[in-house]
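Undergrad: Handing over model-v3.csv, CSV, C-alpha atoms and all ligand atoms.
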chain,number,residue,atom,x,y,z
V,7,MET,CA,97.5,74.0,79.3
V,8,ASP,CA,94.7,73.1,76.8
V,9,GLN,CA,92.4,75.1,79.0
V,10,LEU,CA,94.1,78.4,78.7
V,11,CYS,CA,92.1,81.2,77.1
V,12,ALA,CA,94.9,83.7,77.4
V,13,ILE,CA,98.4,84.4,78.9
V,14,ILE,CA,98.4,87.5,81.0
V,15,ASP,CA,101.0,89.5,82.9
V,16,ALA,CA,101.2,92.7,84.8
V,17,GLN,CA,103.9,94.9,86.0
V,18,GLY,CA,103.4,97.4,88.8
V,19,PHE,CA,104.5,99.1,91.9
V,20,THR,CA,103.8,98.4,95.6
V,21,LYS,CA,102.7,100.2,98.7
V,22,GLY,CA,102.5,98.4,102.0
V,23,ASN,CA,102.8,95.0,100.2
V,24,LYS,CA,99.8,95.8,98.0
V,25,PHE,CA,100.4,95.4,94.3
V,26,TYR,CA,99.3,98.3,92.0
V,27,PRO,CA,99.4,97.3,88.3
V,28,ARG,CA,101.0,99.8,86.0
V,29,VAL,CA,100.9,97.8,82.7
V,30,ILE,CA,98.7,94.8,81.8
V,31,ALA,CA,99.5,92.6,78.8
V,32,VAL,CA,97.7,89.7,77.2
V,33,ALA,CA,98.6,87.1,74.5
V,34,PHE,CA,96.4,84.4,73.0
V,35,PRO,CA,97.4,80.9,72.1
V,36,PHE,CA,98.0,80.5,68.3
V,37,SER,CA,97.2,84.2,67.7
V,38,GLU,CA,99.4,87.1,66.7
V,39,LYS,CA,97.2,89.4,68.7
V,40,ILE,CA,98.9,91.0,71.7
V,41,LEU,CA,97.0,93.5,73.8
V,42,CYS,CA,98.3,95.9,76.5
V,43,TRP,CA,97.1,98.7,78.7
V,44,ASP,CA,98.5,101.3,80.9
V,45,VAL,CA,97.1,101.6,84.4
V,46,GLU,CA,97.2,104.5,86.8
V,47,THR,CA,98.8,103.5,90.1
V,48,GLY,CA,97.8,106.6,92.0
V,49,LEU,CA,101.3,106.4,93.7
V,50,ASP,CA,104.0,109.0,93.7
V,51,PHE,CA,107.4,108.8,95.2
V,52,LYS,CA,106.9,111.9,97.4
V,53,SER,CA,104.0,110.3,99.4
V,54,LEU,CA,105.7,106.9,100.0
V,55,ASN,CA,107.5,105.9,103.2
V,56,SER,CA,111.2,105.1,102.9
V,57,LYS,CA,110.7,101.3,102.6
V,58,ASP,CA,108.2,101.6,99.8
V,59,ARG,CA,110.4,104.2,98.1
V,60,ILE,CA,113.4,101.8,98.1
V,61,THR,CA,111.2,98.9,96.7
V,62,ASN,CA,109.7,101.1,94.0
V,63,ASN,CA,113.0,102.6,93.0
V,64,TYR,CA,114.2,99.1,92.5
V,65,ILE,CA,111.1,98.2,90.4
V,66,ARG,CA,111.5,101.4,88.4
V,67,HIS,CA,115.1,100.4,87.5
V,68,TYR,CA,114.2,96.7,86.9
V,69,THR,CA,111.3,97.4,84.6
V,70,GLY,CA,112.2,100.8,83.3
V,71,LEU,CA,108.6,102.0,83.8
V,72,ASP,CA,107.7,105.4,85.1
V,73,ILE,CA,105.5,105.1,88.2
V,74,LYS,CA,103.2,107.8,86.6
V,75,ALA,CA,101.0,106.4,83.8
V,76,PRO,CA,99.9,108.4,80.7
V,77,ASP,CA,96.7,110.4,80.9
V,78,ASP,CA,94.7,107.8,78.8
V,79,ALA,CA,95.5,105.0,81.3
V,80,ILE,CA,92.9,102.9,83.0
V,81,ALA,CA,91.9,104.7,86.3
V,82,LYS,CA,93.2,103.1,89.5
V,83,ASP,CA,89.7,102.4,90.9
V,84,LYS,CA,88.5,100.8,87.6
V,85,VAL,CA,91.3,98.2,87.3
V,86,ASN,CA,89.4,95.4,89.1
V,87,VAL,CA,86.3,95.9,87.0
V,88,PHE,CA,88.5,96.0,83.9
V,89,LEU,CA,90.1,92.7,84.8
V,90,ALA,CA,86.8,91.0,85.4
V,91,MET,CA,85.4,92.3,82.1
V,92,LEU,CA,88.6,91.2,80.3
V,93,TYR,CA,88.3,87.7,81.7
V,94,GLU,CA,84.6,87.5,80.6
V,95,GLN,CA,85.7,88.6,77.0
V,96,CYS,CA,88.6,86.1,76.9
V,97,LYS,CA,87.1,82.9,78.2
V,98,TYR,CA,85.3,80.5,75.9
V,99,GLY,CA,84.2,76.9,76.1
V,100,ASP,CA,86.6,74.8,78.2
V,101,GLN,CA,89.2,77.5,78.0
V,102,ILE,CA,88.6,79.1,81.3
V,103,TYR,CA,92.0,79.8,82.7
V,104,PHE,CA,94.3,82.8,82.5
V,105,GLY,CA,97.9,81.5,82.3
V,106,ILE,CA,100.2,83.4,84.5
V,107,LYS,CA,103.9,83.4,85.6
V,108,ASN,CA,103.7,86.1,88.3
V,109,PRO,CA,102.5,85.1,91.8
V,110,GLN,CA,101.9,88.7,92.9
V,111,PHE,CA,99.5,89.4,90.0
V,112,GLY,CA,98.0,85.9,90.4
V,113,ASN,CA,97.0,86.8,93.9
V,114,LEU,CA,95.1,89.8,92.6
V,115,LEU,CA,93.3,87.7,89.9
V,116,ASN,CA,92.4,85.0,92.5
V,117,TYR,CA,91.0,87.7,94.8
V,118,LEU,CA,88.8,88.7,91.9
V,119,HIS,CA,87.7,85.0,91.5
V,120,ILE,CA,89.4,84.8,88.1
V,121,PRO,CA,90.8,81.2,87.7
V,122,THR,CA,94.5,81.1,86.9
V,123,LEU,CA,97.0,78.4,85.9
V,124,GLU,CA,100.7,78.8,86.8
V,125,ILE,CA,102.6,78.2,83.6
V,126,GLU,CA,105.7,76.1,83.8
V,127,CYS,CA,108.2,77.4,81.3
V,128,PRO,CA,111.8,78.6,81.2
V,129,SER,CA,112.5,82.1,82.5
V,130,THR,CA,111.9,85.2,80.3
V,131,SER,CA,115.7,85.7,79.9
V,132,ALA,CA,116.1,82.1,78.7
V,133,LEU,CA,113.2,82.3,76.3
V,134,GLY,CA,114.5,85.6,75.1
V,135,ARG,CA,117.6,83.8,73.7
V,136,TYR,CA,115.4,81.6,71.5
V,137,TYR,CA,112.8,84.1,70.3
V,138,ASP,CA,113.6,87.5,68.9
V,139,ILE,CA,110.8,89.6,70.5
V,140,LYS,CA,111.1,93.3,71.2
V,141,ARG,CA,110.1,95.3,74.3
V,142,CYS,CA,107.3,97.8,74.0
V,143,ASP,CA,108.2,101.5,74.1
V,144,ARG,CA,107.2,102.2,77.8
V,145,HIS,CA,110.6,101.5,79.3
V,146,THR,CA,111.9,105.0,79.3
V,147,GLU,CA,113.8,104.7,82.6
V,148,ASN,CA,115.7,101.6,81.4
V,149,PRO,CA,115.5,100.5,77.7
V,150,GLU,CA,116.5,97.0,78.7
V,151,GLY,CA,113.9,96.8,81.5
V,152,ALA,CA,111.6,93.8,82.0
V,153,CYS,CA,108.6,94.0,79.7
V,154,SER,CA,105.1,92.4,80.2
V,155,VAL,CA,104.2,92.7,76.5
V,156,ARG,CA,107.4,90.8,75.6
V,157,LYS,CA,107.0,88.3,78.4
V,158,VAL,CA,103.4,87.2,77.4
V,159,GLU,CA,104.6,86.9,73.8
V,160,LEU,CA,107.6,84.8,74.7
V,161,ILE,CA,105.5,82.5,76.8
V,162,LYS,CA,102.9,82.3,74.0
V,163,GLU,CA,105.6,81.3,71.4
V,164,TYR,CA,107.0,78.7,73.8
V,165,LEU,CA,103.6,77.2,74.5
V,166,ASP,CA,102.6,77.2,70.8
V,167,ASP,CA,105.8,75.4,69.9
V,168,LYS,CA,105.4,72.9,72.7
V,169,ILE,CA,101.8,72.1,71.6
V,170,MET,CA,103.0,71.8,67.9
V,171,CYS,CA,105.8,69.4,68.9
V,172,LYS,CA,103.3,67.3,70.9
V,173,HIS,CA,101.0,67.0,67.9
V,174,LEU,CA,104.0,66.1,65.6
V,175,ILE,CA,105.2,63.4,68.0
V,176,ASN,CA,101.7,62.0,68.5
V,177,SER,CA,100.9,61.9,64.8
V,178,LYS,CA,104.0,59.7,64.1
V,179,TYR,CA,102.4,56.7,65.9
V,201,ZN,ZN,107.0,96.8,77.8
Can I see the file as structure tokens?
Ligand SMILES: [Zn+2]

TA:
Amino acid sequence: MDQLCAIIDAQGFTKGNKFYPRVIAVAFPFSEKILCWDVETGLDFKSLNSKDRITNNYIRHYTGLDIKAPDDAIAKDKVNVFLAMLYEQCKYGDQIYFGIKNPQFGNLLNYLHIPTLEIECPSTSALGRYYDIKRCDRHTENPEGACSVRKVELIKEYLDDKIMCKHLINSKY
């Protein structure tokens, strides 16, 4: 965990088992800075087959996100370049891993040769009981929907506290 440059998460929709990010969020260890971006999925319900429509309807309810991104979102065909550039901006020294807790998004990052570490931590709902962190305002379809911005901040708070505790324990002896 000492080698994390950032904690990253994405939420998105699917078509034929392929993941299309809709929101990307990043938090940094021991920093208050949280970044997030909307991404155009290029998907619309009308053009999906019934299986994908059912899956995406579930995702829409679970996340509360609209499948259609705002006009200023990152274009669908630029998202891979964007992620590669983001990684180049975030990594420094020995801190070369993006921390993730999202296998589907992890697959996309690994496909882009971005090194990732799977973070072991309690679930977002469990962490949400310890840290009072609000959702972003994108969850128009369900105000209680799962939020990537909140998720990366919860994980960041958890990891910061864990590292602080480790230093406190170590400094006693
Ligand atoms: Zn959100």

Undergrad: Output the neighbourhood of ligand ZN 201 (chain V) as a ChimeraX atom specification, that is, all protein and nucleic acid residues with some atom at most 12 Å from the ligand, counting all atoms listed in the file.

TA: /V:15-18,28-32,40-44,68-72,139-159

Undergrad: For Gly48 in chain V, which residue out of V:Met170, V:Ile175, V:Leu10, V:Ile80 is the nearest one, using only C-alpha atoms?

TA: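 Of the candidates, the smallest distance to Gly48 in chain V is held by V:Ile80.
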
Undergrad: Using only C-alpha atoms, I'd like a table of the residues in range 21-61 of chain V that come within 10 Å of range 85-109 of chain V; for each, show the closest atom pair and its distance in Å rounded to one decimal, ordered by chain and ascending number, as CSV.

TA:
residue,atom,partner,partner_atom,distance
V:Tyr26,CA,V:Val85,CA,9.3
V:Pro27,CA,V:Val85,CA,8.2
V:Arg28,CA,V:Val85,CA,9.9
V:Ile30,CA,V:Leu89,CA,9.3
V:Val32,CA,V:Phe104,CA,9.3
V:Ala33,CA,V:Gly105,CA,9.6
V:Phe34,CA,V:Cys96,CA,8.9
V:Val45,CA,V:Val85,CA,7.3
V:Glu46,CA,V:Val85,CA,8.6
V:Thr47,CA,V:Val85,CA,9.6

Undergrad: What does the distance between CA of Gln110 in chain V and CA of Glu124 in chain V come to in Å, to one decimal place?

TA: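 Atom-to-atom, CA of Gln110 in chain V and CA of Glu124 in chain V are spaced 11.7 Å apart.
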
Undergrad: Between CA of Leu114 in chain V and CA of Asn63 in chain V, measure the distance and give it in Å to one decimal.

TA: 22.0 Å

Undergrad: What's around Ala132 in chain V at 12 Å? Count all atoms listed in the file, leave out sequence neighbours fewer than 6 positions away in its own chain, and write the answer as a compact mmCIF listing (two decimals) with C-alpha atoms, keeping the file's coordinate frame.

TA:
# COMPACT_ATOMS: atom_id res chain seq x y z
CA ASP V 138 113.60 87.50 68.90
CA LYS V 157 107.00 88.30 78.40
CA LEU V 160 107.60 84.80 74.70
CA ILE V 161 105.50 82.50 76.80
CA TYR V 164 107.00 78.70 73.80

Undergrad: Counting all atoms listed in the file, figure out which residue out of V:Lys82, V:Asp77, V:Asn113, V:Gln9 gets nearest to Asn23 in chain V.

TA: V:Asn113

Undergrad: Expressed in Å to a single decimal, how great is the separation between CA of Asp58 in chain V and CA of Gly22 in chain V?

TA: 6.9 Å

Undergrad: Pick from V:Leu174, V:Leu133, V:Met7, V:Ile14: nearest to Gly112 in chain V, with only C-alpha atoms counted?

TA: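 Between V:Leu174, V:Leu133, V:Met7, V:Ile14, the residue approaching Gly112 in chain V most closely is V:Ile14.
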
Undergrad: Excluding Leu49 in chain V and any residue of its chain fewer than 4 positions from it, enumerate the residues within 9 Å of it, using all atoms listed in the file, and give them as a VMD selection string.

TA: chain V and resid 19 to 21 26 53 to 54 73 to 74

Undergrad: Taking every listed atom of range 53-62 of chain V and adding 6 Å to each side, what centre and edge lengths in Å (one decimal) does the axis-aligned box have, as lines of an AutoDock Vina configuration file?

TA:
center_x = 108.7
center_y = 104.6
center_z = 98.6
size_x = 21.4
size_y = 23.4
size_z = 21.2

Undergrad: Mind completing range 70-96 of chain V with N, CA and C atoms? Output as a compact mmCIF listing (two decimals), in the frame of the given file, please?

TA:
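Full text of part37.txt as output:
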# COMPACT_ATOMS: atom_id res chain seq x y z
N GLY V 70 112.08 99.65 84.13
CA GLY V 70 112.20 100.80 83.30
C GLY V 70 110.95 101.63 83.15
N LEU V 71 109.93 101.28 83.92
CA LEU V 71 108.60 102.00 83.80
C LEU V 71 108.60 103.19 84.73
N ASP V 72 107.95 104.22 84.26
CA ASP V 72 107.70 105.40 85.10
C ASP V 72 106.48 105.07 85.98
N ILE V 73 106.55 105.45 87.25
CA ILE V 73 105.50 105.10 88.20
C ILE V 73 104.17 105.88 87.75
N LYS V 74 104.35 106.98 87.06
CA LYS V 74 103.20 107.80 86.60
C LYS V 74 102.77 107.26 85.21
N ALA V 75 101.49 106.90 85.07
CA ALA V 75 101.00 106.40 83.80
C ALA V 75 100.55 107.57 82.91
N PRO V 76 100.45 107.35 81.59
CA PRO V 76 99.90 108.40 80.70
C PRO V 76 98.48 108.75 81.03
N ASP V 77 98.03 109.90 80.53
CA ASP V 77 96.70 110.40 80.90
C ASP V 77 95.57 109.45 80.41
N ASP V 78 95.80 108.69 79.34
CA ASP V 78 94.70 107.80 78.80
C ASP V 78 94.72 106.43 79.52
N ALA V 79 95.46 106.29 80.62
CA ALA V 79 95.50 105.00 81.30
C ALA V 79 94.21 104.65 81.98
N ILE V 80 94.04 103.38 82.29
CA ILE V 80 92.90 102.90 83.00
C ILE V 80 92.97 103.49 84.46
N ALA V 81 91.88 104.07 84.95
CA ALA V 81 91.90 104.70 86.30
C ALA V 81 92.14 103.60 87.35
N LYS V 82 92.82 103.98 88.40
CA LYS V 82 93.20 103.10 89.50
C LYS V 82 91.95 102.33 90.06
N ASP V 83 90.87 103.06 90.25
CA ASP V 83 89.70 102.40 90.90
C ASP V 83 88.83 101.64 89.86
N LYS V 84 89.26 101.57 88.59
CA LYS V 84 88.50 100.80 87.60
C LYS V 84 89.26 99.50 87.22
N VAL V 85 90.44 99.29 87.77
CA VAL V 85 91.30 98.20 87.30
C VAL V 85 90.65 96.82 87.62
N ASN V 86 90.02 96.68 88.78
CA ASN V 86 89.40 95.40 89.10
C ASN V 86 88.24 95.07 88.20
N VAL V 87 87.41 96.06 87.93
CA VAL V 87 86.30 95.90 87.00
C VAL V 87 86.83 95.56 85.60
N PHE V 88 87.87 96.27 85.21
CA PHE V 88 88.50 96.00 83.90
C PHE V 88 88.94 94.58 83.79
N LEU V 89 89.64 94.07 84.82
CA LEU V 89 90.10 92.70 84.80
C LEU V 89 89.00 91.68 84.70
N ALA V 90 87.95 91.92 85.45
CA ALA V 90 86.80 91.00 85.40
C ALA V 90 86.15 91.01 84.05
N MET V 91 86.03 92.18 83.43
CA MET V 91 85.40 92.30 82.10
C MET V 91 86.34 91.62 81.05
N LEU V 92 87.64 91.85 81.20
CA LEU V 92 88.60 91.20 80.30
C LEU V 92 88.50 89.72 80.32
N TYR V 93 88.40 89.19 81.52
CA TYR V 93 88.30 87.70 81.70
C TYR V 93 87.00 87.23 80.99
N GLU V 94 85.90 87.93 81.18
CA GLU V 94 84.60 87.50 80.60
C GLU V 94 84.76 87.53 79.02
N GLN V 95 85.50 88.49 78.49
CA GLN V 95 85.70 88.60 77.00
C GLN V 95 86.61 87.47 76.51
N CYS V 96 87.56 87.03 77.33
CA CYS V 96 88.60 86.10 76.90
C CYS V 96 88.15 84.62 76.98
